[in-house]
Amino acid sequence: MFGPQHLTHIIRYLDGVDSTLSQRMLRKYPPDEPALTNELCALLDADTQRAEERLSYSVEQLNADLAAVGDGLDFEVTLDTYPHNTAMERYVSQSDFGLVITYDNRVLPDENWSKAYLVQAKRLFRDSSSTEYDHRARFQAVDGEQQTRLNRLTAILGGGAVHYGLYCPQTSAIPDPTRTQVRALHTRNLADEIFDFGRGLALRDTLTTNGGIDAGIWLRSIEGKPTGLLALHNEAFRSALPFTWFVIEHFAPRSHHRSFRGLIHGGPVLSERQPDDRLKRIVMGDQQAVRELIDEIAAFGEEREAPANITVLPRHTITIKVTVGRSLPPDTARAHID
């Protein structure tokens, strides 16, 4: 888990990825969802970071700072592109990605867990009469049929298994008065936050230092279709979380009994440590698990005649893994408590 001594560095790194990607939304003609997803993967990939030097604070620098803390904690991001066979290519969605978050504590292995998610990517569009992302900005290409398919996946795989991944400009790039409205929504939604434990204290420090949350990448529940910019921020820190804080919530949750509605798969992270092997296998391209899922979806009936409309497989999967005690000899790493 993350302690207060780790969170400053983790937030700096993830917020840097968010800021760099969100800048692309300010172009006259912003990239589409597949391009933004590819860019997110590139920004998180250590080799690409090293080659292109687009982040001011890389994962190598992050791990150097974590090593200096002296707790034996490593932060690793791996990216995989799965070559699904031709029979399954019609089930692959270009704009989607899989996300696996794993905790590997070699000192306290009973604490280990892994969570997997399927993410449907959407980006924000300016209103046709505006050159800015104001209160009229909307998420497009969200239709009823797709929402029905996502709901069906959730019914099969469990609550919180599927998310919308929403690409937006950062709050600081939104014009007034829309920015003021967004800030007001954030303030209201966080008004009852106790700001306790490591995560809460880190959130308070971020708000105090930055004057607010400037996130552009959001993970949102699939309960209802995403509509507009203000509607997203109306759900901020309720059923929608910035990517940075979605990751942090797994490693520094608020409590054992209180989790963000519809966001954390399988309930509050600490109450269910066993990995969801089926979902993880699907997200990581296991052909048998994928075939079983496709058959189960078809068994619902209404898509049996048109299975080509079912897009369930992510082309890319992002794995975020935090390891404790990697440098220790395997046979002596575990702490035996008498």
# chains A, B, ... in the order shown; residues from 1 in each chain; ligands from 1
>>> residues_around(residues="Pro31 of chain A", least_positions_apart="3", cutoff="12 Å", atoms="only C-alpha atoms", output="list of chain:residue names")
A:Leu21, A:Ser22, A:Gln23, A:Arg24, A:Met25, A:Leu26, A:Arg27, A:Lys28, A:Pro34, A:Ala35, A:Leu36, A:Thr37, A:Asn38, A:Glu39, A:Leu40, A:Ser95, A:Lys122, A:Arg123, A:Leu124, A:Phe125, A:Tyr167, A:Cys168
>>> residues_around(residues="segment 68-77 of chain A", least_positions_apart="3", cutoff="8 Å", atoms="only C-alpha atoms", output="list in words")
Gln5, His6, Leu44, Asp45, Ala46, Val59, Leu62, Asn63, Ala64, Asp65, Ile318, Thr319, Ile320, Lys321, Val322, Thr323, Val324, Gly325, Arg326 and Ser327 of chain A
>>> write_last_selection(atoms="all heavy atoms", output="CSV table (one decimal), in the first residue's frame")
chain,number,residue,atom,x,y,z
A,5,GLN,N,4.5,9.0,2.6
A,5,GLN,CA,5.9,9.2,2.1
A,5,GLN,C,6.0,8.8,0.6
A,5,GLN,O,6.9,9.2,-0.1
A,5,GLN,CB,6.9,8.4,2.9
A,5,GLN,CG,6.8,6.9,2.8
A,5,GLN,CD,5.8,6.2,3.7
A,5,GLN,OE1,4.8,6.8,4.1
A,5,GLN,NE2,6.2,5.0,4.2
A,6,HIS,N,5.1,8.1,0.1
A,6,HIS,CA,5.1,7.6,-1.3
A,6,HIS,C,4.2,8.5,-2.2
A,6,HIS,O,4.5,8.7,-3.4
A,6,HIS,CB,4.6,6.2,-1.5
A,6,HIS,CG,5.3,5.2,-0.6
A,6,HIS,ND1,4.6,4.4,0.3
A,6,HIS,CD2,6.6,5.0,-0.3
A,6,HIS,CE1,5.4,3.7,1.0
A,6,HIS,NE2,6.7,4.0,0.7
A,44,LEU,N,2.8,6.2,-20.8
A,44,LEU,CA,3.0,5.3,-19.6
A,44,LEU,C,4.2,4.3,-19.8
A,44,LEU,O,4.7,3.8,-18.9
A,44,LEU,CB,1.8,4.5,-19.3
A,44,LEU,CG,0.6,5.4,-18.7
A,44,LEU,CD1,-0.7,4.6,-18.7
A,44,LEU,CD2,1.0,5.8,-17.2
A,45,ASP,N,4.6,4.1,-21.1
A,45,ASP,CA,5.6,3.1,-21.4
A,45,ASP,C,7.0,3.6,-21.1
A,45,ASP,O,7.4,4.7,-21.6
A,45,ASP,CB,5.5,2.7,-22.8
A,45,ASP,CG,6.5,1.7,-23.2
A,45,ASP,OD1,6.5,0.5,-22.7
A,45,ASP,OD2,7.4,2.0,-24.0
A,46,ALA,N,7.7,2.9,-20.2
A,46,ALA,CA,9.1,3.4,-19.8
A,46,ALA,C,10.0,3.6,-21.0
A,46,ALA,O,10.8,4.5,-21.1
A,46,ALA,CB,9.7,2.4,-18.8
A,59,VAL,N,9.0,7.6,-15.1
A,59,VAL,CA,8.8,6.5,-14.2
A,59,VAL,C,10.2,6.1,-13.6
A,59,VAL,O,10.3,5.7,-12.4
A,59,VAL,CB,8.1,5.3,-14.9
A,59,VAL,CG1,9.1,4.6,-15.9
A,59,VAL,CG2,7.6,4.3,-13.8
A,62,LEU,N,10.6,8.5,-10.9
A,62,LEU,CA,9.7,8.1,-9.8
A,62,LEU,C,10.3,7.0,-8.9
A,62,LEU,O,10.3,7.1,-7.7
A,62,LEU,CB,8.4,7.7,-10.4
A,62,LEU,CG,7.4,6.9,-9.5
A,62,LEU,CD1,7.0,7.8,-8.3
A,62,LEU,CD2,6.2,6.4,-10.3
A,63,ASN,N,10.8,6.0,-9.6
A,63,ASN,CA,11.3,4.9,-8.8
A,63,ASN,C,12.6,5.2,-8.1
A,63,ASN,O,12.9,4.7,-7.0
A,63,ASN,CB,11.6,3.7,-9.8
A,63,ASN,CG,10.3,2.9,-10.0
A,63,ASN,OD1,9.6,2.6,-9.1
A,63,ASN,ND2,9.9,2.7,-11.3
A,64,ALA,N,13.4,6.2,-8.6
A,64,ALA,CA,14.5,6.7,-7.9
A,64,ALA,C,14.1,7.4,-6.6
A,64,ALA,O,14.7,7.2,-5.6
A,64,ALA,CB,15.4,7.6,-8.8
A,65,ASP,N,13.1,8.2,-6.7
A,65,ASP,CA,12.6,8.9,-5.5
A,65,ASP,C,12.0,7.9,-4.5
A,65,ASP,O,12.1,8.0,-3.3
A,65,ASP,CB,11.6,9.9,-5.9
A,65,ASP,CG,12.2,11.2,-6.5
A,65,ASP,OD1,13.4,11.4,-6.3
A,65,ASP,OD2,11.5,11.9,-7.2
A,318,ILE,N,-3.0,-2.0,-20.1
A,318,ILE,CA,-2.1,-1.3,-19.3
A,318,ILE,C,-2.1,-2.0,-17.9
A,318,ILE,O,-3.1,-2.2,-17.3
A,318,ILE,CB,-2.5,0.2,-19.1
A,318,ILE,CG1,-2.6,0.9,-20.4
A,318,ILE,CG2,-1.6,0.8,-18.1
A,318,ILE,CD1,-3.3,2.3,-20.3
A,319,THR,N,-0.9,-2.5,-17.5
A,319,THR,CA,-0.8,-3.1,-16.2
A,319,THR,C,0.1,-2.2,-15.3
A,319,THR,O,1.2,-1.9,-15.6
A,319,THR,CB,-0.1,-4.5,-16.3
A,319,THR,OG1,-0.9,-5.3,-17.1
A,319,THR,CG2,0.1,-5.1,-14.9
A,320,ILE,N,-0.5,-1.8,-14.2
A,320,ILE,CA,0.2,-1.0,-13.2
A,320,ILE,C,0.5,-1.9,-12.0
A,320,ILE,O,-0.5,-2.5,-11.4
A,320,ILE,CB,-0.6,0.2,-12.8
A,320,ILE,CG1,-0.8,1.2,-13.9
A,320,ILE,CG2,0.0,0.9,-11.6
A,320,ILE,CD1,-1.7,2.3,-13.6
A,321,LYS,N,1.7,-2.1,-11.7
A,321,LYS,CA,2.1,-3.1,-10.7
A,321,LYS,C,3.0,-2.4,-9.6
A,321,LYS,O,4.0,-1.8,-10.0
A,321,LYS,CB,2.8,-4.3,-11.3
A,321,LYS,CG,3.2,-5.4,-10.3
A,321,LYS,CD,3.8,-6.6,-11.0
A,321,LYS,CE,4.1,-7.7,-10.0
A,321,LYS,NZ,4.8,-8.8,-10.7
A,322,VAL,N,2.6,-2.5,-8.4
A,322,VAL,CA,3.4,-2.0,-7.3
A,322,VAL,C,4.0,-3.2,-6.5
A,322,VAL,O,3.2,-4.1,-6.1
A,322,VAL,CB,2.6,-1.1,-6.4
A,322,VAL,CG1,3.3,-0.7,-5.1
A,322,VAL,CG2,2.1,0.2,-7.1
A,323,THR,N,5.3,-3.2,-6.4
A,323,THR,CA,6.0,-4.3,-5.7
A,323,THR,C,6.7,-3.8,-4.5
A,323,THR,O,7.3,-2.8,-4.5
A,323,THR,CB,7.0,-5.0,-6.7
A,323,THR,OG1,6.3,-5.4,-7.9
A,323,THR,CG2,7.6,-6.2,-6.1
A,324,VAL,N,6.6,-4.6,-3.4
A,324,VAL,CA,7.4,-4.3,-2.2
A,324,VAL,C,8.3,-5.4,-2.0
A,324,VAL,O,7.9,-6.6,-2.0
A,324,VAL,CB,6.4,-4.1,-1.0
A,324,VAL,CG1,7.2,-3.9,0.3
A,324,VAL,CG2,5.5,-3.0,-1.2
A,325,GLY,N,9.6,-5.1,-1.8
A,325,GLY,CA,10.6,-6.1,-1.4
A,325,GLY,C,11.2,-6.9,-2.6
A,325,GLY,O,11.7,-8.0,-2.4
A,326,ARG,N,11.1,-6.3,-3.8
A,326,ARG,CA,11.6,-7.0,-5.0
A,326,ARG,C,13.1,-7.3,-4.8
A,326,ARG,O,13.7,-8.3,-5.3
A,326,ARG,CB,11.4,-6.2,-6.2
A,326,ARG,CG,12.0,-6.8,-7.5
A,326,ARG,CD,11.7,-5.9,-8.7
A,326,ARG,NE,10.3,-5.8,-9.0
A,326,ARG,CZ,9.8,-5.0,-9.9
A,326,ARG,NH1,10.6,-4.1,-10.5
A,326,ARG,NH2,8.6,-5.0,-10.2
A,327,SER,N,13.9,-6.4,-4.2
A,327,SER,CA,15.3,-6.6,-4.1
A,327,SER,C,15.8,-7.6,-3.1
A,327,SER,O,16.9,-8.0,-3.0
A,327,SER,CB,16.0,-5.2,-3.8
A,327,SER,OG,15.5,-4.7,-2.5
>>> closest_residue(among="A:Thr171, A:Thr154, A:Thr209, A:Ser19", to="Ala184 of chain A", atoms="only C-alpha atoms")
A:Thr171
>>> closest_atom_pairs(of="segment 92-173 of chain A", to="segment 227-246 of chain A", cutoff="10 Å", atoms="only C-alpha atoms", output="Markdown table")
| residue | atom | partner | partner_atom | distance |
| --- | --- | --- | --- | --- |
| A:Leu124 | CA | A:Leu229 | CA | 7.3 |
| A:Phe125 | CA | A:Gly228 | CA | 9.0 |
| A:Arg126 | CA | A:Leu229 | CA | 9.7 |
| A:Tyr133 | CA | A:Leu229 | CA | 8.1 |
| A:Asp134 | CA | A:Leu229 | CA | 7.8 |
| A:His135 | CA | A:Leu230 | CA | 6.2 |
| A:Arg136 | CA | A:Gly228 | CA | 7.0 |
| A:Ala137 | CA | A:Leu229 | CA | 5.7 |
| A:Arg138 | CA | A:Gly228 | CA | 4.1 |
| A:Phe139 | CA | A:Thr227 | CA | 5.4 |
| A:Gln140 | CA | A:Thr227 | CA | 7.7 |
| A:Val142 | CA | A:Thr227 | CA | 8.3 |
| A:His163 | CA | A:Ala240 | CA | 9.5 |
| A:Tyr164 | CA | A:Ala240 | CA | 9.2 |
| A:Gly165 | CA | A:Phe243 | CA | 8.6 |
| A:Leu166 | CA | A:Leu232 | CA | 9.0 |
| A:Cys168 | CA | A:Leu229 | CA | 8.2 |
| A:Pro169 | CA | A:Leu229 | CA | 9.9 |
| A:Thr171 | CA | A:His233 | CA | 9.9 |
>>> closest_residue(among="A:Val247, A:Leu203, A:Val100, A:Leu328", to="Arg281 of chain A", atoms="only C-alpha atoms")
A:Val100
>>> select_by_dssp(residues="segment 35-255 of chain A", states="strand (DSSP E or B)", output="number ranges by chain")
A: 73-81, 92-105, 113-125, 138-139, 162-167, 217-221, 228, 236, 240-242
>>> residues_around(residues="segment 113-119 of chain A", least_positions_apart="6", cutoff="6 Å", atoms="only C-alpha atoms", output="ChimeraX atom specification")
/A:96-103,161-165,273-275,280
>>> write_last_selection(atoms="N, CA and C atoms", output="PDB file, in the first residue's frame")
ATOM      1  N   ASP A  96     -10.815   1.045 -27.060  1.00  0.00           N
ATOM      2  CA  ASP A  96     -10.852   0.530 -25.697  1.00  0.00           C
ATOM      3  C   ASP A  96      -9.472   0.123 -25.211  1.00  0.00           C
ATOM      4  N   PHE A  97      -9.331   0.067 -23.903  1.00  0.00           N
ATOM      5  CA  PHE A  97      -8.125  -0.518 -23.333  1.00  0.00           C
ATOM      6  C   PHE A  97      -8.482  -1.278 -22.066  1.00  0.00           C
ATOM      7  N   GLY A  98      -7.642  -2.247 -21.752  1.00  0.00           N
ATOM      8  CA  GLY A  98      -7.780  -2.985 -20.513  1.00  0.00           C
ATOM      9  C   GLY A  98      -6.853  -2.380 -19.476  1.00  0.00           C
ATOM     10  N   LEU A  99      -7.233  -2.482 -18.215  1.00  0.00           N
ATOM     11  CA  LEU A  99      -6.424  -1.957 -17.129  1.00  0.00           C
ATOM     12  C   LEU A  99      -6.343  -3.013 -16.036  1.00  0.00           C
ATOM     13  N   VAL A 100      -5.121  -3.378 -15.663  1.00  0.00           N
ATOM     14  CA  VAL A 100      -4.885  -4.319 -14.573  1.00  0.00           C
ATOM     15  C   VAL A 100      -4.044  -3.610 -13.522  1.00  0.00           C
ATOM     16  N   ILE A 101      -4.512  -3.636 -12.283  1.00  0.00           N
ATOM     17  CA  ILE A 101      -3.792  -3.009 -11.172  1.00  0.00           C
ATOM     18  C   ILE A 101      -3.446  -4.104 -10.171  1.00  0.00           C
ATOM     19  N   THR A 102      -2.164  -4.243  -9.874  1.00  0.00           N
ATOM     20  CA  THR A 102      -1.684  -5.377  -9.087  1.00  0.00           C
ATOM     21  C   THR A 102      -0.783  -4.906  -7.952  1.00  0.00           C
ATOM     22  N   TYR A 103      -0.955  -5.535  -6.798  1.00  0.00           N
ATOM     23  CA  TYR A 103      -0.101  -5.276  -5.636  1.00  0.00           C
ATOM     24  C   TYR A 103       0.617  -6.560  -5.272  1.00  0.00           C
ATOM     25  N   ALA A 161     -16.792  -3.747 -13.322  1.00  0.00           N
ATOM     26  CA  ALA A 161     -15.853  -4.397 -14.239  1.00  0.00           C
ATOM     27  C   ALA A 161     -15.599  -3.556 -15.485  1.00  0.00           C
ATOM     28  N   VAL A 162     -16.581  -2.760 -15.881  1.00  0.00           N
ATOM     29  CA  VAL A 162     -16.495  -1.962 -17.109  1.00  0.00           C
ATOM     30  C   VAL A 162     -16.615  -0.487 -16.742  1.00  0.00           C
ATOM     31  N   HIS A 163     -15.795   0.332 -17.361  1.00  0.00           N
ATOM     32  CA  HIS A 163     -15.793   1.772 -17.092  1.00  0.00           C
ATOM     33  C   HIS A 163     -15.786   2.555 -18.393  1.00  0.00           C
ATOM     34  N   TYR A 164     -16.236   3.790 -18.312  1.00  0.00           N
ATOM     35  CA  TYR A 164     -15.937   4.762 -19.346  1.00  0.00           C
ATOM     36  C   TYR A 164     -14.615   5.432 -18.977  1.00  0.00           C
ATOM     37  N   GLY A 165     -13.727   5.546 -19.955  1.00  0.00           N
ATOM     38  CA  GLY A 165     -12.520   6.349 -19.803  1.00  0.00           C
ATOM     39  C   GLY A 165     -12.718   7.615 -20.617  1.00  0.00           C
ATOM     40  N   ARG A 273      -9.647  -9.562  -1.453  1.00  0.00           N
ATOM     41  CA  ARG A 273      -8.278  -9.564  -1.932  1.00  0.00           C
ATOM     42  C   ARG A 273      -8.042 -10.546  -3.076  1.00  0.00           C
ATOM     43  N   GLN A 274      -8.928 -11.525  -3.240  1.00  0.00           N
ATOM     44  CA  GLN A 274      -8.699 -12.523  -4.272  1.00  0.00           C
ATOM     45  C   GLN A 274      -8.859 -11.903  -5.659  1.00  0.00           C
ATOM     46  N   PRO A 275      -7.922 -12.146  -6.584  1.00  0.00           N
ATOM     47  CA  PRO A 275      -8.042 -11.576  -7.914  1.00  0.00           C
ATOM     48  C   PRO A 275      -9.218 -12.172  -8.678  1.00  0.00           C
ATOM     49  N   LYS A 280      -9.539 -10.846 -15.425  1.00  0.00           N
ATOM     50  CA  LYS A 280      -8.138 -10.591 -15.734  1.00  0.00           C
ATOM     51  C   LYS A 280      -7.702 -11.382 -16.964  1.00  0.00           C
TER      52      LYS A 280
END
>>> closest_residue(among="A:Ala252, A:Ile213, A:Ile282, A:Pro226", to="Leu201 of chain A", atoms="only C-alpha atoms")
A:Ala252
>>> residues_around(residues="Pro109 of chain A", least_positions_apart="4", cutoff="8 Å", atoms="only C-alpha atoms", output="CSV table (one decimal) with N, CA and C atoms, in the first residue's frame")
chain,number,residue,atom,x,y,z
A,104,ASP,N,1.9,-6.5,-5.3
A,104,ASP,CA,2.8,-7.7,-5.0
A,104,ASP,C,3.7,-7.4,-3.9
A,105,ASN,N,3.3,-7.8,-2.7
A,105,ASN,CA,4.1,-7.5,-1.5
A,105,ASN,C,4.8,-8.8,-1.1
A,334,ARG,N,9.9,-12.8,3.0
A,334,ARG,CA,8.6,-12.8,3.8
A,334,ARG,C,8.9,-12.6,5.3
>>> residues_around(residues="Pro4 of chain A", least_positions_apart="4", cutoff="9 Å", atoms="only C-alpha atoms", output="PyMOL selection string")
chain A and resi 8+197-199+201-202
>>> select_by_dssp(residues="segment 125-203 of chain A", states="helix (DSSP H, G or I)", output="NGL selection string")
:A and (144-157 or 171-173 or 178-189 or 197-203)
>>> residues_around(residues="Asn151 of chain A", least_positions_apart="6", cutoff="10 Å", atoms="only C-alpha atoms", output="NGL selection string")
:A and (145 or 157-159 or 162 or 222-224)
>>> write_last_selection(atoms="N, CA and C atoms", output="mmCIF file, in the first residue's frame")
data_model
loop_
_atom_site.group_PDB
_atom_site.id
_atom_site.type_symbol
_atom_site.label_atom_id
_atom_site.label_comp_id
_atom_site.auth_asym_id
_atom_site.auth_seq_id
_atom_site.Cartn_x
_atom_site.Cartn_y
_atom_site.Cartn_z
ATOM 1 N N GLU A 145 -27.473 1.536 -28.053
ATOM 2 C CA GLU A 145 -27.078 0.148 -28.273
ATOM 3 C C GLU A 145 -25.758 -0.170 -27.569
ATOM 4 N N LEU A 157 -19.993 -9.820 -15.839
ATOM 5 C CA LEU A 157 -18.678 -9.775 -15.196
ATOM 6 C C LEU A 157 -18.697 -9.181 -13.798
ATOM 7 N N GLY A 158 -19.786 -8.522 -13.431
ATOM 8 C CA GLY A 158 -19.878 -7.964 -12.088
ATOM 9 C C GLY A 158 -19.746 -6.453 -12.070
ATOM 10 N N GLY A 159 -20.314 -5.836 -11.036
ATOM 11 C CA GLY A 159 -20.296 -4.387 -10.908
ATOM 12 C C GLY A 159 -18.886 -3.825 -10.875
ATOM 13 N N VAL A 162 -16.581 -2.760 -15.881
ATOM 14 C CA VAL A 162 -16.495 -1.962 -17.109
ATOM 15 C C VAL A 162 -16.615 -0.487 -16.742
ATOM 16 N N ILE A 222 -20.355 3.122 -15.611
ATOM 17 C CA ILE A 222 -21.176 3.045 -16.820
ATOM 18 C C ILE A 222 -22.664 3.164 -16.507
ATOM 19 N N GLU A 223 -23.000 3.572 -15.295
ATOM 20 C CA GLU A 223 -24.408 3.814 -14.955
ATOM 21 C C GLU A 223 -24.884 5.049 -15.716
ATOM 22 N N GLY A 224 -25.552 4.834 -16.826
ATOM 23 C CA GLY A 224 -25.998 5.937 -17.670
ATOM 24 C C GLY A 224 -24.886 6.401 -18.595
#
>>> atom_distance(atom1="atom CA of Glu296 of chain A", atom2="atom CA of Thr148 of chain A")
15.0 Å
>>> decode(residues="segment 36-58 of chain A", atoms="N, CA and C atoms", output="PDB file, in the first residue's frame")
ATOM      1  N   LEU A  36      -5.848   8.920 -28.879  1.00  0.00           N
ATOM      2  CA  LEU A  36      -5.613   9.336 -27.499  1.00  0.00           C
ATOM      3  C   LEU A  36      -5.243   8.139 -26.629  1.00  0.00           C
ATOM      4  N   THR A  37      -5.899   7.006 -26.874  1.00  0.00           N
ATOM      5  CA  THR A  37      -5.572   5.799 -26.115  1.00  0.00           C
ATOM      6  C   THR A  37      -4.145   5.336 -26.429  1.00  0.00           C
ATOM      7  N   ASN A  38      -3.769   5.362 -27.711  1.00  0.00           N
ATOM      8  CA  ASN A  38      -2.393   5.017 -28.081  1.00  0.00           C
ATOM      9  C   ASN A  38      -1.399   5.958 -27.413  1.00  0.00           C
ATOM     10  N   GLU A  39      -1.765   7.236 -27.345  1.00  0.00           N
ATOM     11  CA  GLU A  39      -0.888   8.221 -26.719  1.00  0.00           C
ATOM     12  C   GLU A  39      -0.759   7.974 -25.216  1.00  0.00           C
ATOM     13  N   LEU A  40      -1.862   7.621 -24.570  1.00  0.00           N
ATOM     14  CA  LEU A  40      -1.813   7.293 -23.139  1.00  0.00           C
ATOM     15  C   LEU A  40      -0.860   6.121 -22.898  1.00  0.00           C
ATOM     16  N   CYS A  41      -0.984   5.100 -23.724  1.00  0.00           N
ATOM     17  CA  CYS A  41      -0.103   3.943 -23.587  1.00  0.00           C
ATOM     18  C   CYS A  41       1.358   4.336 -23.794  1.00  0.00           C
ATOM     19  N   ALA A  42       1.615   5.187 -24.789  1.00  0.00           N
ATOM     20  CA  ALA A  42       2.989   5.610 -25.061  1.00  0.00           C
ATOM     21  C   ALA A  42       3.560   6.408 -23.898  1.00  0.00           C
ATOM     22  N   LEU A  43       2.749   7.274 -23.313  1.00  0.00           N
ATOM     23  CA  LEU A  43       3.221   8.102 -22.206  1.00  0.00           C
ATOM     24  C   LEU A  43       3.529   7.274 -20.967  1.00  0.00           C
ATOM     25  N   LEU A  44       2.819   6.161 -20.795  1.00  0.00           N
ATOM     26  CA  LEU A  44       3.039   5.312 -19.627  1.00  0.00           C
ATOM     27  C   LEU A  44       4.186   4.327 -19.830  1.00  0.00           C
ATOM     28  N   ASP A  45       4.586   4.092 -21.065  1.00  0.00           N
ATOM     29  CA  ASP A  45       5.602   3.097 -21.369  1.00  0.00           C
ATOM     30  C   ASP A  45       6.997   3.646 -21.074  1.00  0.00           C
ATOM     31  N   ALA A  46       7.750   2.916 -20.248  1.00  0.00           N
ATOM     32  CA  ALA A  46       9.060   3.397 -19.816  1.00  0.00           C
ATOM     33  C   ALA A  46      10.020   3.570 -20.989  1.00  0.00           C
ATOM     34  N   ASP A  47      10.011   2.636 -21.943  1.00  0.00           N
ATOM     35  CA  ASP A  47      10.924   2.732 -23.080  1.00  0.00           C
ATOM     36  C   ASP A  47      10.616   3.957 -23.933  1.00  0.00           C
ATOM     37  N   THR A  48       9.312   4.219 -24.151  1.00  0.00           N
ATOM     38  CA  THR A  48       8.925   5.397 -24.934  1.00  0.00           C
ATOM     39  C   THR A  48       9.276   6.677 -24.183  1.00  0.00           C
ATOM     40  N   GLN A  49       9.063   6.673 -22.880  1.00  0.00           N
ATOM     41  CA  GLN A  49       9.446   7.840 -22.078  1.00  0.00           C
ATOM     42  C   GLN A  49      10.931   8.141 -22.241  1.00  0.00           C
ATOM     43  N   ARG A  50      11.724   7.090 -22.190  1.00  0.00           N
ATOM     44  CA  ARG A  50      13.178   7.254 -22.288  1.00  0.00           C
ATOM     45  C   ARG A  50      13.576   7.774 -23.672  1.00  0.00           C
ATOM     46  N   ALA A  51      12.909   7.285 -24.710  1.00  0.00           N
ATOM     47  CA  ALA A  51      13.273   7.655 -26.079  1.00  0.00           C
ATOM     48  C   ALA A  51      12.799   9.058 -26.449  1.00  0.00           C
ATOM     49  N   GLU A  52      11.611   9.429 -25.991  1.00  0.00           N
ATOM     50  CA  GLU A  52      11.005  10.677 -26.450  1.00  0.00           C
ATOM     51  C   GLU A  52      11.124  11.816 -25.453  1.00  0.00           C
ATOM     52  N   GLU A  53      11.346  11.513 -24.180  1.00  0.00           N
ATOM     53  CA  GLU A  53      11.564  12.524 -23.147  1.00  0.00           C
ATOM     54  C   GLU A  53      10.470  13.590 -23.136  1.00  0.00           C
ATOM     55  N   ARG A  54       9.213  13.131 -23.205  1.00  0.00           N
ATOM     56  CA  ARG A  54       8.105  14.090 -23.204  1.00  0.00           C
ATOM     57  C   ARG A  54       7.560  14.368 -21.806  1.00  0.00           C
ATOM     58  N   LEU A  55       7.948  13.551 -20.840  1.00  0.00           N
ATOM     59  CA  LEU A  55       7.510  13.785 -19.473  1.00  0.00           C
ATOM     60  C   LEU A  55       8.626  14.446 -18.681  1.00  0.00           C
ATOM     61  N   SER A  56       8.274  15.461 -17.920  1.00  0.00           N
ATOM     62  CA  SER A  56       9.278  16.127 -17.096  1.00  0.00           C
ATOM     63  C   SER A  56       9.665  15.283 -15.891  1.00  0.00           C
ATOM     64  N   TYR A  57       8.823  14.296 -15.563  1.00  0.00           N
ATOM     65  CA  TYR A  57       9.088  13.407 -14.421  1.00  0.00           C
ATOM     66  C   TYR A  57       8.735  12.003 -14.858  1.00  0.00           C
ATOM     67  N   SER A  58       9.759  11.209 -15.162  1.00  0.00           N
ATOM     68  CA  SER A  58       9.557   9.892 -15.756  1.00  0.00           C
ATOM     69  C   SER A  58       9.363   8.835 -14.683  1.00  0.00           C
TER      70      SER A  58
END
